[in-house]
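S.K.: Below you'll find query.txt; it's compact mmCIF, C-alpha atoms.
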# COMPACT_ATOMS: atom_id res chain seq x y z
CA MET A 1 -23.36 0.30 -27.27
CA THR A 2 -21.16 1.19 -24.28
CA ALA A 3 -17.55 1.93 -25.19
CA ALA A 4 -14.98 -0.35 -23.59
CA LEU A 5 -12.79 2.65 -22.93
CA GLU A 6 -13.59 6.33 -23.21
CA ILE A 7 -10.94 8.94 -22.51
CA SER A 8 -12.09 12.55 -22.67
CA GLY A 9 -9.82 15.60 -22.53
CA LEU A 10 -7.19 13.80 -20.45
CA SER A 11 -4.20 15.83 -19.28
CA LEU A 12 -1.44 14.23 -17.30
CA ASP A 13 1.84 15.48 -15.80
CA ASP A 14 4.80 13.52 -14.50
CA HIS A 15 5.96 13.76 -10.89
CA ASP A 16 8.08 16.82 -11.72
CA GLY A 17 5.08 18.59 -13.19
CA LEU A 18 6.24 18.19 -16.78
CA PRO A 19 3.40 17.53 -19.22
CA LEU A 20 3.00 13.95 -20.45
CA VAL A 21 -0.39 14.11 -22.14
CA ARG A 22 -2.55 17.09 -23.03
CA ASP A 23 -6.25 17.00 -23.85
CA LEU A 24 -6.30 13.41 -25.11
CA THR A 25 -9.60 12.03 -26.32
CA LEU A 26 -9.83 8.39 -27.32
CA THR A 27 -12.65 5.87 -27.59
CA LEU A 28 -12.29 2.10 -27.88
CA ASN A 29 -15.39 0.15 -28.77
CA PRO A 30 -15.77 -3.48 -27.63
CA GLY A 31 -13.41 -5.75 -29.53
CA GLU A 32 -11.24 -2.88 -30.80
CA ARG A 33 -7.47 -2.96 -30.37
CA ILE A 34 -5.08 -0.05 -30.19
CA VAL A 35 -1.36 0.16 -29.60
CA VAL A 36 -0.07 3.45 -28.24
CA GLY A 37 3.52 4.40 -29.00
CA GLY A 38 5.75 7.25 -27.92
CA PRO A 39 7.99 8.05 -24.96
CA VAL A 40 7.76 5.27 -22.38
CA GLU A 41 6.94 7.70 -19.53
CA THR A 42 4.04 9.04 -21.58
CA THR A 43 2.59 5.71 -22.68
CA SER A 44 3.06 4.11 -19.25
CA GLY A 45 1.62 7.19 -17.57
CA LEU A 46 -1.42 7.02 -19.85
CA LEU A 47 -2.07 3.36 -19.03
CA ARG A 48 -1.58 3.99 -15.31
CA ALA A 49 -4.04 6.88 -15.51
CA VAL A 50 -6.52 4.64 -17.32
CA MET A 51 -6.21 2.11 -14.47
CA GLY A 52 -6.71 4.85 -11.86
CA LEU A 53 -3.11 4.67 -10.61
CA GLU A 54 -2.20 8.23 -11.64
CA VAL A 55 -4.25 11.30 -10.90
CA ALA A 56 -5.03 13.19 -14.09
CA GLY A 57 -4.78 16.97 -14.12
CA ALA A 58 -7.92 17.16 -16.21
CA GLY A 59 -10.32 14.95 -18.11
CA THR A 60 -12.13 11.72 -17.41
CA VAL A 61 -11.61 8.03 -18.08
CA ARG A 62 -14.56 5.66 -18.35
CA LEU A 63 -13.81 1.94 -18.23
CA LEU A 64 -16.65 -0.25 -19.51
CA GLY A 65 -18.94 2.75 -19.06
CA GLN A 66 -17.89 3.49 -15.47
CA GLU A 67 -15.65 6.16 -14.00
CA LEU A 68 -13.34 4.32 -11.62
CA ALA A 69 -12.57 7.39 -9.50
CA VAL A 70 -16.16 7.83 -8.32
CA LEU A 71 -16.97 4.18 -7.58
CA SER A 72 -17.27 2.65 -4.12
CA ARG A 73 -14.67 0.07 -3.11
CA ALA A 74 -16.99 -2.84 -3.92
CA GLU A 75 -18.01 -1.34 -7.27
CA ALA A 76 -14.38 -0.63 -8.19
CA GLU A 77 -13.44 -4.21 -7.27
CA ALA A 78 -16.23 -5.59 -9.45
CA LEU A 79 -15.15 -3.39 -12.35
CA LEU A 80 -11.45 -4.23 -12.04
CA GLU A 81 -12.26 -7.95 -12.06
CA ARG A 82 -13.36 -7.45 -15.66
CA ILE A 83 -10.13 -5.75 -16.71
CA GLY A 84 -6.76 -7.42 -17.12
CA TYR A 85 -3.76 -5.16 -16.55
CA SER A 86 -0.15 -6.06 -17.12
CA PRO A 87 2.10 -3.15 -16.07
CA ARG A 88 5.65 -2.50 -17.25
CA ILE A 89 7.04 -2.34 -13.69
CA GLY A 90 6.03 -4.34 -10.62
CA ALA A 91 3.68 -6.70 -12.39
CA LEU A 92 4.22 -9.53 -9.90
CA VAL A 93 4.50 -9.64 -6.10
CA SER A 94 8.21 -10.42 -5.72
CA ASN A 95 8.03 -12.49 -2.53
CA LEU A 96 5.13 -14.63 -3.72
CA PRO A 97 5.80 -17.76 -5.80
CA LEU A 98 4.83 -17.36 -9.45
CA ARG A 99 2.11 -19.96 -8.98
CA ASP A 100 0.54 -17.95 -6.15
CA ASN A 101 0.93 -14.75 -8.15
CA LEU A 102 -1.12 -16.32 -10.92
CA LEU A 103 -3.70 -17.69 -8.52
CA LEU A 104 -4.03 -14.46 -6.53
CA PRO A 105 -6.90 -12.81 -8.51
CA LEU A 106 -8.83 -16.10 -8.58
CA ARG A 107 -8.36 -16.68 -4.86
CA TYR A 108 -9.05 -13.08 -3.86
CA HIS A 109 -12.15 -12.48 -5.96
CA ARG A 110 -13.53 -16.01 -5.49
CA ARG A 111 -15.47 -15.97 -8.73
CA LEU A 112 -14.96 -19.72 -9.16
CA PRO A 113 -15.44 -22.64 -6.77
CA ALA A 114 -12.10 -23.52 -5.12
CA THR A 115 -12.01 -26.81 -7.02
CA ASP A 116 -12.10 -25.01 -10.40
CA VAL A 117 -9.33 -22.54 -9.53
CA PRO A 118 -6.29 -24.68 -10.53
CA ALA A 119 -7.82 -25.52 -13.91
CA ALA A 120 -8.57 -21.85 -14.61
CA ALA A 121 -5.00 -20.91 -13.67
CA LEU A 122 -3.56 -23.64 -15.89
CA ARG A 123 -5.76 -22.49 -18.76
CA ALA A 124 -4.47 -18.91 -18.40
CA ALA A 125 -0.88 -20.15 -18.08
CA ALA A 126 -1.27 -22.25 -21.24
CA ARG A 127 -2.34 -19.14 -23.18
CA PHE A 128 1.19 -17.81 -22.68
CA GLY A 129 3.12 -21.01 -23.22
CA LEU A 130 3.35 -22.36 -19.67
CA ALA A 131 2.52 -26.02 -19.24
CA THR A 132 2.74 -25.90 -15.45
CA LEU A 133 2.49 -23.28 -12.73
CA PRO A 134 6.08 -22.36 -11.73
CA VAL A 135 6.78 -22.34 -8.01
CA ALA A 136 9.90 -20.11 -7.97
CA ILE A 137 9.64 -16.49 -6.85
CA PRO A 138 9.73 -13.86 -9.62
CA PRO A 139 13.24 -12.41 -9.05
CA VAL A 140 14.96 -15.77 -9.69
CA VAL A 141 13.42 -16.56 -13.08
CA SER A 142 14.01 -15.05 -16.53
CA VAL A 143 12.24 -11.96 -17.83
CA LEU A 144 10.42 -14.16 -20.32
CA VAL A 145 8.95 -16.43 -17.62
CA ARG A 146 7.94 -13.41 -15.53
CA ARG A 147 6.29 -11.88 -18.60
CA ARG A 148 4.41 -15.09 -19.37
CA VAL A 149 3.08 -15.26 -15.80
CA ALA A 150 2.20 -11.55 -15.68
CA LEU A 151 0.26 -11.76 -18.94
CA ALA A 152 -1.39 -15.01 -17.88
CA ARG A 153 -2.47 -13.36 -14.63
CA ALA A 154 -3.91 -10.44 -16.60
CA THR A 155 -6.14 -12.91 -18.46
CA VAL A 156 -6.90 -15.32 -15.63
CA LEU A 157 -10.31 -13.79 -14.87
CA ASP A 158 -11.26 -13.77 -18.58
CA PRO A 159 -11.32 -9.98 -18.84
CA VAL A 160 -13.27 -8.06 -21.46
CA LEU A 161 -10.65 -5.29 -21.56
CA LEU A 162 -6.90 -5.93 -21.63
CA VAL A 163 -4.53 -3.10 -20.73
CA VAL A 164 -0.96 -4.19 -21.48
CA ASP A 165 2.12 -2.06 -20.97
CA ASP A 166 5.14 -2.89 -23.12
CA PRO A 167 4.63 -6.67 -23.34
CA THR A 168 7.82 -7.25 -25.35
CA GLU A 169 10.18 -4.98 -23.38
CA ASP A 170 13.59 -6.55 -22.64
CA LEU A 171 12.83 -9.66 -24.70
CA ASP A 172 14.97 -11.00 -27.52
CA PRO A 173 13.38 -10.84 -31.00
CA ALA A 174 12.23 -14.49 -31.04
CA ALA A 175 10.68 -14.23 -27.59
CA ALA A 176 9.10 -10.87 -28.47
CA ASP A 177 7.55 -12.45 -31.58
CA GLU A 178 6.19 -15.31 -29.51
CA ILE A 179 4.75 -13.07 -26.78
CA ALA A 180 3.14 -10.75 -29.32
CA ASP A 181 1.53 -13.73 -31.07
CA LEU A 182 0.36 -15.27 -27.78
CA LEU A 183 -1.11 -11.94 -26.67
CA ALA A 184 -3.00 -11.63 -29.94
CA ALA A 185 -4.27 -15.21 -29.62
CA ALA A 186 -5.40 -14.60 -26.03
CA ALA A 187 -7.19 -11.39 -27.01
CA GLY A 188 -8.89 -13.29 -29.82
CA GLU A 189 -9.91 -16.17 -27.56
CA LEU A 190 -11.36 -13.78 -24.97
CA ASN A 191 -12.77 -11.45 -27.62
CA ALA A 192 -11.28 -8.69 -25.48
CA THR A 193 -10.73 -5.05 -26.25
CA VAL A 194 -7.02 -4.26 -26.09
CA LEU A 195 -5.19 -1.09 -25.09
CA ALA A 196 -1.47 -1.73 -25.35
CA ALA A 197 1.54 0.54 -25.00
CA SER A 198 4.51 -0.44 -27.12
CA ASN A 199 7.05 0.91 -29.54
CA ASP A 200 7.58 -2.58 -30.94
CA PHE A 201 5.92 -2.92 -34.36
CA ARG A 202 5.48 -6.67 -33.73
CA VAL A 203 2.85 -6.01 -31.07
CA ALA A 204 0.66 -3.86 -33.33
CA ALA A 205 1.18 -6.26 -36.23
CA ALA A 206 0.27 -9.37 -34.24
CA LEU A 207 -2.77 -7.71 -32.66
CA ARG A 208 -3.78 -6.17 -36.00
CA ALA A 209 -4.36 -3.05 -33.98
CA ARG A 210 -4.59 0.55 -34.97
CA THR A 211 -1.76 2.66 -33.66
CA LEU A 212 -1.54 6.00 -31.97
CA LEU A 213 1.72 7.87 -31.55
CA LEU A 214 1.82 10.16 -28.54
CA THR A 215 4.31 13.00 -28.69
CA PRO A 216 5.29 14.94 -25.57
CA PRO A 217 3.32 18.20 -25.35
CA VAL A 218 5.31 21.41 -25.69
CA GLN A 219 5.84 22.91 -22.25
CA SER A 220 4.27 26.34 -22.05
CA MET B 1 -11.78 -13.15 6.19
CA ARG B 2 -11.01 -14.39 2.66
CA PRO B 3 -8.91 -17.59 2.64
CA VAL B 4 -6.14 -15.83 0.69
CA VAL B 5 -5.94 -13.14 3.41
CA ARG B 6 -6.04 -15.81 6.12
CA ALA B 7 -3.00 -17.43 4.49
CA VAL B 8 -1.11 -14.13 4.82
CA LEU B 9 -2.17 -13.96 8.49
CA TYR B 10 -0.87 -17.48 9.16
CA ARG B 11 2.44 -16.65 7.49
CA GLN B 12 2.74 -13.53 9.67
CA ILE B 13 2.05 -15.50 12.87
CA LEU B 14 4.57 -18.13 11.78
CA PHE B 15 7.29 -15.54 11.11
CA THR B 16 6.63 -13.16 14.00
CA GLY B 17 5.52 -15.69 16.59
CA VAL B 18 6.57 -19.28 16.01
CA GLN B 19 9.98 -18.63 14.47
CA ALA B 20 10.83 -16.17 17.28
CA ILE B 21 10.21 -18.69 20.08
CA PRO B 22 13.81 -20.01 20.43
CA PHE B 23 15.33 -16.53 20.63
CA THR B 24 12.60 -15.28 22.96
CA ALA B 25 13.08 -18.30 25.24
CA LEU B 26 16.83 -17.71 25.34
CA ILE B 27 16.37 -14.04 26.29
CA ALA B 28 13.72 -15.02 28.85
CA GLY B 29 16.14 -17.42 30.55
CA LEU B 30 18.93 -14.85 30.59
CA VAL B 31 16.66 -12.11 31.97
CA ALA B 32 15.47 -14.47 34.73
CA MET B 33 19.06 -15.29 35.60
CA ILE B 34 19.99 -11.59 35.77
CA VAL B 35 17.01 -10.75 37.99
CA VAL B 36 17.53 -13.67 40.38
CA VAL B 37 21.31 -13.25 40.65
CA GLN B 38 20.89 -9.53 41.35
CA ALA B 39 18.14 -10.24 43.89
CA ARG B 40 20.02 -13.00 45.68
CA LEU B 41 23.58 -11.75 45.49
CA GLY B 42 23.54 -8.12 44.35
CA GLY B 43 20.47 -6.96 46.29
CA GLY B 44 20.79 -9.31 49.22
CA MET B 45 17.14 -10.36 48.98
CA GLY B 46 17.64 -13.89 50.19
CA GLU B 47 14.06 -14.94 50.94
CA GLY B 48 12.27 -17.10 48.39
CA GLY B 49 9.10 -15.07 48.88
CA VAL B 50 10.86 -11.86 47.99
CA VAL B 51 12.37 -13.40 44.86
CA GLY B 52 8.99 -14.85 43.89
CA ARG B 53 7.39 -11.44 44.26
CA LEU B 54 10.24 -9.75 42.43
CA LEU B 55 9.88 -12.15 39.47
CA VAL B 56 6.18 -11.38 39.23
CA VAL B 57 6.62 -7.62 39.55
CA VAL B 58 9.61 -7.29 37.25
CA ILE B 59 9.07 -10.01 34.66
CA VAL B 60 5.33 -10.54 34.40
CA ARG B 61 4.25 -6.94 34.77
CA GLU B 62 7.10 -5.09 33.11
CA LEU B 63 10.02 -6.84 31.44
CA GLY B 64 8.02 -9.57 29.70
CA PRO B 65 5.90 -7.29 27.52
CA LEU B 66 8.75 -4.79 27.06
CA VAL B 67 11.40 -7.29 26.03
CA VAL B 68 9.02 -9.19 23.73
CA GLY B 69 7.93 -5.88 22.20
CA THR B 70 11.57 -5.00 21.56
CA ILE B 71 12.27 -8.43 20.02
CA VAL B 72 9.25 -8.19 17.71
CA VAL B 73 10.12 -4.64 16.65
CA ALA B 74 13.68 -5.71 15.82
CA ARG B 75 12.72 -8.93 14.03
CA SER B 76 9.36 -8.29 12.44
CA CYS B 77 8.50 -4.61 12.29
CA SER B 78 11.71 -3.87 10.44
CA ALA B 79 10.88 -6.72 8.04
CA ILE B 80 7.32 -5.49 7.51
CA ALA B 81 8.47 -1.94 6.75
CA ALA B 82 11.19 -3.19 4.38
CA GLU B 83 8.84 -5.60 2.59
CA LEU B 84 6.02 -3.10 2.12
CA GLY B 85 8.47 -0.31 1.27
CA ASN B 86 10.00 -2.40 -1.49
CA MET B 87 6.55 -3.34 -2.74
CA ARG B 88 5.56 0.33 -2.79
CA VAL B 89 8.60 1.66 -4.66
CA GLY B 90 8.54 -1.40 -6.97
CA ARG B 91 4.91 -0.54 -7.85
CA GLU B 92 3.75 -4.00 -6.82
CA ILE B 93 1.06 -2.44 -4.66
CA ASP B 94 -0.23 -0.54 -7.69
CA SER B 95 -0.55 -3.87 -9.48
CA LEU B 96 -2.63 -5.23 -6.60
CA VAL B 97 -4.88 -2.16 -6.69
CA ALA B 98 -5.32 -2.54 -10.44
CA MET B 99 -6.41 -6.16 -9.90
CA GLY B 100 -9.10 -4.99 -7.48
CA VAL B 101 -7.14 -6.32 -4.49
CA ASP B 102 -7.48 -3.98 -1.50
CA PRO B 103 -3.97 -3.45 -0.04
CA PHE B 104 -5.41 -2.76 3.42
CA GLU B 105 -7.31 -6.02 3.46
CA TYR B 106 -4.59 -8.12 1.80
CA LEU B 107 -1.42 -6.60 3.24
CA VAL B 108 -2.17 -4.50 6.34
CA LEU B 109 -5.00 -6.31 8.13
CA PRO B 110 -3.26 -9.73 8.39
CA ARG B 111 -0.06 -8.04 9.60
CA LEU B 112 -1.92 -6.09 12.30
CA THR B 113 -3.71 -9.21 13.51
CA GLY B 114 -0.70 -11.49 13.14
CA VAL B 115 1.70 -9.24 15.05
CA ALA B 116 -0.81 -8.63 17.88
CA VAL B 117 -1.47 -12.36 18.28
CA ALA B 118 2.25 -13.15 18.07
CA VAL B 119 3.24 -10.54 20.67
CA MET B 120 0.63 -11.86 23.08
CA CYS B 121 1.67 -15.50 22.63
CA LEU B 122 5.40 -14.71 22.75
CA THR B 123 4.86 -12.84 26.01
CA VAL B 124 3.21 -15.93 27.49
CA VAL B 125 6.24 -17.96 26.33
CA PHE B 126 8.63 -15.37 27.73
CA VAL B 127 6.90 -15.20 31.13
CA THR B 128 6.59 -18.98 31.41
CA VAL B 129 10.24 -19.64 30.54
CA SER B 130 11.42 -16.75 32.66
CA LEU B 131 9.47 -17.77 35.77
CA GLY B 132 10.52 -21.39 35.36
CA ALA B 133 14.16 -20.46 34.88
CA GLY B 134 13.97 -17.93 37.72
CA ALA B 135 12.60 -20.54 40.08
CA GLY B 136 15.27 -23.04 39.06
CA ILE B 137 18.16 -20.61 39.37
CA SER B 138 16.82 -19.26 42.66
CA ALA B 139 16.62 -22.79 44.08
CA LEU B 140 20.19 -23.48 42.98
CA LEU B 141 21.43 -20.36 44.71
CA ALA B 142 19.44 -20.87 47.94
CA GLN B 143 19.73 -24.46 49.04
CA LYS B 144 16.90 -24.24 51.57
CA THR B 145 14.10 -23.28 49.15
CA GLY B 146 13.22 -25.69 46.34
CA ALA B 147 12.09 -24.70 42.85
CA GLY B 148 8.58 -25.99 43.57
CA GLU B 149 8.33 -23.79 46.61
CA ILE B 150 9.44 -20.76 44.63
CA MET B 151 6.89 -21.53 41.90
CA ARG B 152 4.24 -21.68 44.62
CA LEU B 153 5.39 -18.29 45.91
CA ILE B 154 5.28 -16.88 42.36
CA GLY B 155 1.72 -18.17 42.04
CA GLU B 156 0.79 -16.53 45.33
CA ASN B 157 2.07 -13.19 44.12
CA LEU B 158 0.25 -13.32 40.77
CA GLN B 159 -2.92 -11.22 40.90
CA PRO B 160 -5.92 -11.47 38.54
CA MET B 161 -5.09 -7.91 37.48
CA ASP B 162 -1.71 -9.12 36.19
CA HIS B 163 -3.45 -11.07 33.42
CA LEU B 164 -5.28 -7.96 32.28
CA VAL B 165 -2.08 -5.92 32.47
CA VAL B 166 -0.23 -8.45 30.30
CA LEU B 167 -3.12 -8.45 27.83
CA ALA B 168 -3.15 -4.65 27.68
CA LYS B 169 0.61 -4.50 27.33
CA THR B 170 0.75 -6.98 24.46
CA VAL B 171 -2.32 -6.67 22.21
CA VAL B 172 -2.35 -2.88 21.96
CA PRO B 173 1.41 -2.45 21.41
CA GLY B 174 1.26 -5.31 18.89
CA LEU B 175 -1.39 -3.46 16.92
CA LEU B 176 0.48 -0.15 17.31
CA MET B 177 3.84 -1.45 16.15
CA ALA B 178 2.33 -3.28 13.17
CA ALA B 179 0.30 -0.22 12.17
CA ILE B 180 3.37 2.04 12.42
CA SER B 181 5.49 -0.39 10.39
CA CYS B 182 2.85 -0.80 7.69
CA HIS B 183 2.38 2.96 7.53
CA GLU B 184 6.10 3.67 7.27
CA GLY B 185 6.61 0.97 4.64
CA LEU B 186 3.68 2.09 2.53
CA SER B 187 4.83 5.71 2.81
CA ALA B 188 8.13 4.96 1.05
CA SER B 189 8.12 6.54 -2.37
CA GLY B 190 10.44 7.24 -5.25
CA SER B 191 13.28 4.74 -5.32
CA VAL B 192 14.76 1.94 -3.23
CA THR B 193 16.79 4.53 -1.31
CA ALA B 194 13.52 5.51 0.39
CA VAL B 195 13.21 2.07 1.98
CA PRO B 196 16.01 2.15 4.63
CA PRO B 197 14.78 5.46 6.15
CA SER B 198 11.27 4.01 6.33
CA VAL B 199 12.63 0.94 8.16
CA THR B 200 14.53 3.15 10.61
CA ALA B 201 11.44 5.27 11.23
CA ALA B 202 9.33 2.14 11.73
CA VAL B 203 11.73 0.71 14.33
CA VAL B 204 12.21 3.96 16.26
CA ARG B 205 8.51 4.88 16.33
CA SER B 206 7.40 1.35 17.16
CA LEU B 207 9.84 1.17 20.08
CA ALA B 208 8.64 4.56 21.29
CA ALA B 209 5.02 3.39 21.05
CA VAL B 210 5.78 0.20 23.02
CA PHE B 211 7.56 2.03 25.85
CA VAL B 212 5.08 4.92 26.04
CA TRP B 213 2.10 2.54 26.10
CA ASP B 214 3.75 0.32 28.71
CA SER B 215 4.45 3.34 30.92
CA LEU B 216 0.91 4.61 30.52
CA VAL B 217 -0.63 1.27 31.52
CA THR B 218 1.70 0.98 34.52
CA ALA B 219 0.86 4.51 35.61
CA LEU B 220 -2.88 4.01 35.15
CA VAL B 221 -3.04 0.61 36.87
CA TYR B 222 -0.56 0.99 39.72
CA LEU B 223 -0.65 4.72 40.45
CA ALA B 224 -4.40 5.15 40.20
Take the structure from the file and write it as structure tokens.

M.R.:
Amino acid sequence: MTAALEISGLSLDDHDGLPLVRDLTLTLNPGERIVVGGPVETTSGLLRAVMGLEVAGAGTVRLLGQELAVLSRAEAEALLERIGYSPRIGALVSNLPLRDNLLLPLRYHRRLPATDVPAAALRAAARFGLATLPVAIPPVVSVLVRRRVALARATVLDPVLLVVDDPTEDLDPAAADEIADLLAAAAGELNATVLAASNDFRVAAALRARTLLLTPPVQS
Amino acid sequence: MRPVVRAVLYRQILFTGVQAIPFTALIAGLVAMIVVVQARLGGGMGEGGVVGRLLVVVIVRELGPLVVGTIVVARSCSAIAAELGNMRVGREIDSLVAMGVDPFEYLVLPRLTGVAVAVMCLTVVFVTVSLGAGAGISALLAQKTGAGEIMRLIGENLQPMDHLVVLAKTVVPGLLMAAISCHEGLSASGSVTAVPPSVTAAVVRSLAAVFVWDSLVTALVYLA
């Protein structure tokens, strides 16, 4: 059985060269869920490295059995279509209406006939408590609405692996509870493997995930 | 081209081309007035034929592409660099990459195409308005020659080569200025304080590219 995520000997530094992660090895089998806690720079850096957005100093990351860094553009695109990523910063294109943000992966990858696209978007929006597709641009709506749309977009292509960075950050306790529960329900519906970064116990509890606490490596 | 990329292209043409028409037409009329008044009164070139030729030489071959290039750099290239710079430092481009969306295809390609098309079309607008206004103003200043006669003289002075020159002086600078602006915007890194310098660099380098290219084409076509 191919692991959904396989991290081997990963070492990662921040932009100042300070160590974030040293020699991390982690395997997630299909359907498994893990919540990584620790300093935000470390957990975010790890998720960005997993998604190929940070260059690791050492080690490899295999997503659904493939190493993103060595794939051609078309192969990488096909792989990333199967992964839903919701980052902590810059999740949505700020000058694009929320509706178009949500529709973007569907329209770009064209996996569905154009007539089925609105229904798929509405289905993803409903997973995170949105009855309609909002037309405002992201900066003018609340953090909660932005978070709902960002998470809905991460699930809009029915991914098999969900990578979610701090889904309850900046939310009040009731909203954080709701988002954690909706994320768990979406992961269950999609039967997706989940890698989440969060220091909020509600996320791990709702996902019934195992937890991993990353501590900053000692600088040598 | 994917429909979602085509939509970005249409928005770019709308912003850079269509929405710039009123301002471009205003500048075109004013430039025509300046040229004709200087020719008639400042330079003492009273003949309609001379003014017709002057309008072709100055406006069609030189000022049209240069002024439109300057307008587009000021209006659109600065906006492109600021928009992409903010997207870069806000990590929005990373989110696109993580979704499997190619930033070159989705962000850069439609801007290159849109700006090139817009510069070419705006130059046609500029030249048309400018020649029309020039003929009208010239006829007002010289009672003996009518506007129709001056338009005929302008037509006589237009050479087939002028069309190629206008094409060369619009499409290539349009691509150059869009490429420079996209590059400068996407090169912004760190924090939002990196965005203004990238906008400044985009404007300065795009203007330099427009003027250098224009000079090169003029030298190659008319000196060779």

S.K.: Per residue of chain B within 9 Å of chain A, which atom pair is closest and at what distance in Å (one decimal), using all atoms listed in the file, listed by chain and increasing number, as a tab-separated table?

M.R.:
residue	atom	partner	partner_atom	distance
B:Arg2	CA	A:Tyr108	CA	6.9
B:Pro3	CA	A:Arg107	CA	7.6
B:Val4	CA	A:Arg107	CA	6.0
B:Val5	CA	A:Tyr108	CA	7.9
B:Glu83	CA	A:Asn95	CA	8.6
B:Met87	CA	A:Val93	CA	7.4
B:Val89	CA	A:Gly90	CA	8.8
B:Gly90	CA	A:Gly90	CA	5.3
B:Arg91	CA	A:Gly90	CA	4.8
B:Glu92	CA	A:Gly90	CA	4.4
B:Ile93	CA	A:Gly90	CA	8.0
B:Asp94	CA	A:Leu53	CA	6.6
B:Ser95	CA	A:Ala91	CA	5.9
B:Leu96	CA	A:Val93	CA	8.4
B:Val97	CA	A:Leu53	CA	8.1
B:Ala98	CA	A:Met51	CA	6.2
B:Met99	CA	A:Leu80	CA	5.8
B:Gly100	CA	A:Glu77	CA	4.4
B:Val101	CA	A:Tyr108	CA	7.1
B:Asp102	CA	A:Glu77	CA	8.3
B:Tyr106	CA	A:Tyr108	CA	8.7

S.K.: For stretch 9-15 of chain B, list every protein, DNA or RNA residue within 9 Å, evaluated using all atoms listed in the file, and leave out those in the same chain fewer than 2 positions away; present the list as an mmCIF file with C-alpha atoms, in the frame of the given file.

M.R.:
data_model
loop_
_atom_site.group_PDB
_atom_site.id
_atom_site.type_symbol
_atom_site.label_atom_id
_atom_site.label_comp_id
_atom_site.auth_asym_id
_atom_site.auth_seq_id
_atom_site.Cartn_x
_atom_site.Cartn_y
_atom_site.Cartn_z
ATOM 1 C CA VAL B 4 -6.140 -15.830 0.690
ATOM 2 C CA VAL B 5 -5.940 -13.140 3.410
ATOM 3 C CA ARG B 6 -6.040 -15.810 6.120
ATOM 4 C CA ALA B 7 -3.000 -17.430 4.490
ATOM 5 C CA GLY B 17 5.520 -15.690 16.590
ATOM 6 C CA VAL B 18 6.570 -19.280 16.010
ATOM 7 C CA GLN B 19 9.980 -18.630 14.470
ATOM 8 C CA ALA B 20 10.830 -16.170 17.280
ATOM 9 C CA SER B 76 9.360 -8.290 12.440
ATOM 10 C CA LEU B 109 -5.000 -6.310 8.130
ATOM 11 C CA PRO B 110 -3.260 -9.730 8.390
ATOM 12 C CA ARG B 111 -0.060 -8.040 9.600
ATOM 13 C CA LEU B 112 -1.920 -6.090 12.300
ATOM 14 C CA THR B 113 -3.710 -9.210 13.510
ATOM 15 C CA GLY B 114 -0.700 -11.490 13.140
ATOM 16 C CA VAL B 115 1.700 -9.240 15.050
ATOM 17 C CA ALA B 116 -0.810 -8.630 17.880
ATOM 18 C CA VAL B 117 -1.470 -12.360 18.280
ATOM 19 C CA ALA B 118 2.250 -13.150 18.070
#

S.K.: Pick out the residues sitting within 8 Å of stretch 128-130 of chain A, and hand them over as a VMD selection string; count only C-alpha atoms, and ignore anything fewer than 5 positions along from it in its own chain.

M.R.: chain A and resid 122 148 to 149 151 to 152 179 182 to 183

S.K.: What gap, in Å, lies between atom CA of B:Leu131 and atom CA of B:Met151?

M.R.: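 For atom CA of B:Leu131 relative to atom CA of B:Met151, the distance reads 7.6 Å.
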
S.K.: Using Å and a single decimal, report how far atom CA of B:Val210 sits from atom CA of B:Pro196.

M.R.: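 Atom CA of B:Pro196 sits 21.1 Å away from atom CA of B:Val210.
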
S.K.: Within 7 Å of A:Leu98, counting all atoms listed in the file, which residues qualify if same-chain residues fewer than 3 places away don't, as a list of chain:residue names?

M.R.: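 Counting all atoms listed in the file, the residues come to A:Asn101, A:Leu102, A:Pro134, A:Val135, A:Ala136, A:Ile137, A:Pro138, A:Val149.
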
S.K.: N, CA, C and O atoms for stretch 8-13 of chain B, written as an mmCIF file, keeping the file's coordinate frame, could you do that?

M.R.:
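Saved the output as rebuild.cif:
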data_model
loop_
_atom_site.group_PDB
_atom_site.id
_atom_site.type_symbol
_atom_site.label_atom_id
_atom_site.label_comp_id
_atom_site.auth_asym_id
_atom_site.auth_seq_id
_atom_site.Cartn_x
_atom_site.Cartn_y
_atom_site.Cartn_z
ATOM 1 N N VAL B 8 -2.103 -15.160 4.486
ATOM 2 C CA VAL B 8 -1.110 -14.130 4.820
ATOM 3 C C VAL B 8 -1.010 -13.986 6.337
ATOM 4 O O VAL B 8 0.082 -13.855 6.901
ATOM 5 N N LEU B 9 -2.155 -14.047 7.016
ATOM 6 C CA LEU B 9 -2.170 -13.960 8.490
ATOM 7 C C LEU B 9 -1.381 -15.107 9.108
ATOM 8 O O LEU B 9 -0.548 -14.892 9.999
ATOM 9 N N TYR B 10 -1.590 -16.319 8.613
ATOM 10 C CA TYR B 10 -0.870 -17.480 9.160
ATOM 11 C C TYR B 10 0.638 -17.337 8.953
ATOM 12 O O TYR B 10 1.426 -17.666 9.831
ATOM 13 N N ARG B 11 1.007 -16.841 7.756
ATOM 14 C CA ARG B 11 2.440 -16.650 7.490
ATOM 15 C C ARG B 11 3.028 -15.614 8.451
ATOM 16 O O ARG B 11 4.162 -15.748 8.907
ATOM 17 N N GLN B 12 2.245 -14.572 8.757
ATOM 18 C CA GLN B 12 2.740 -13.530 9.670
ATOM 19 C C GLN B 12 2.905 -14.093 11.079
ATOM 20 O O GLN B 12 3.902 -13.806 11.755
ATOM 21 N N ILE B 13 1.947 -14.896 11.524
ATOM 22 C CA ILE B 13 2.050 -15.500 12.870
ATOM 23 C C ILE B 13 3.240 -16.457 12.919
ATOM 24 O O ILE B 13 3.988 -16.483 13.898
#
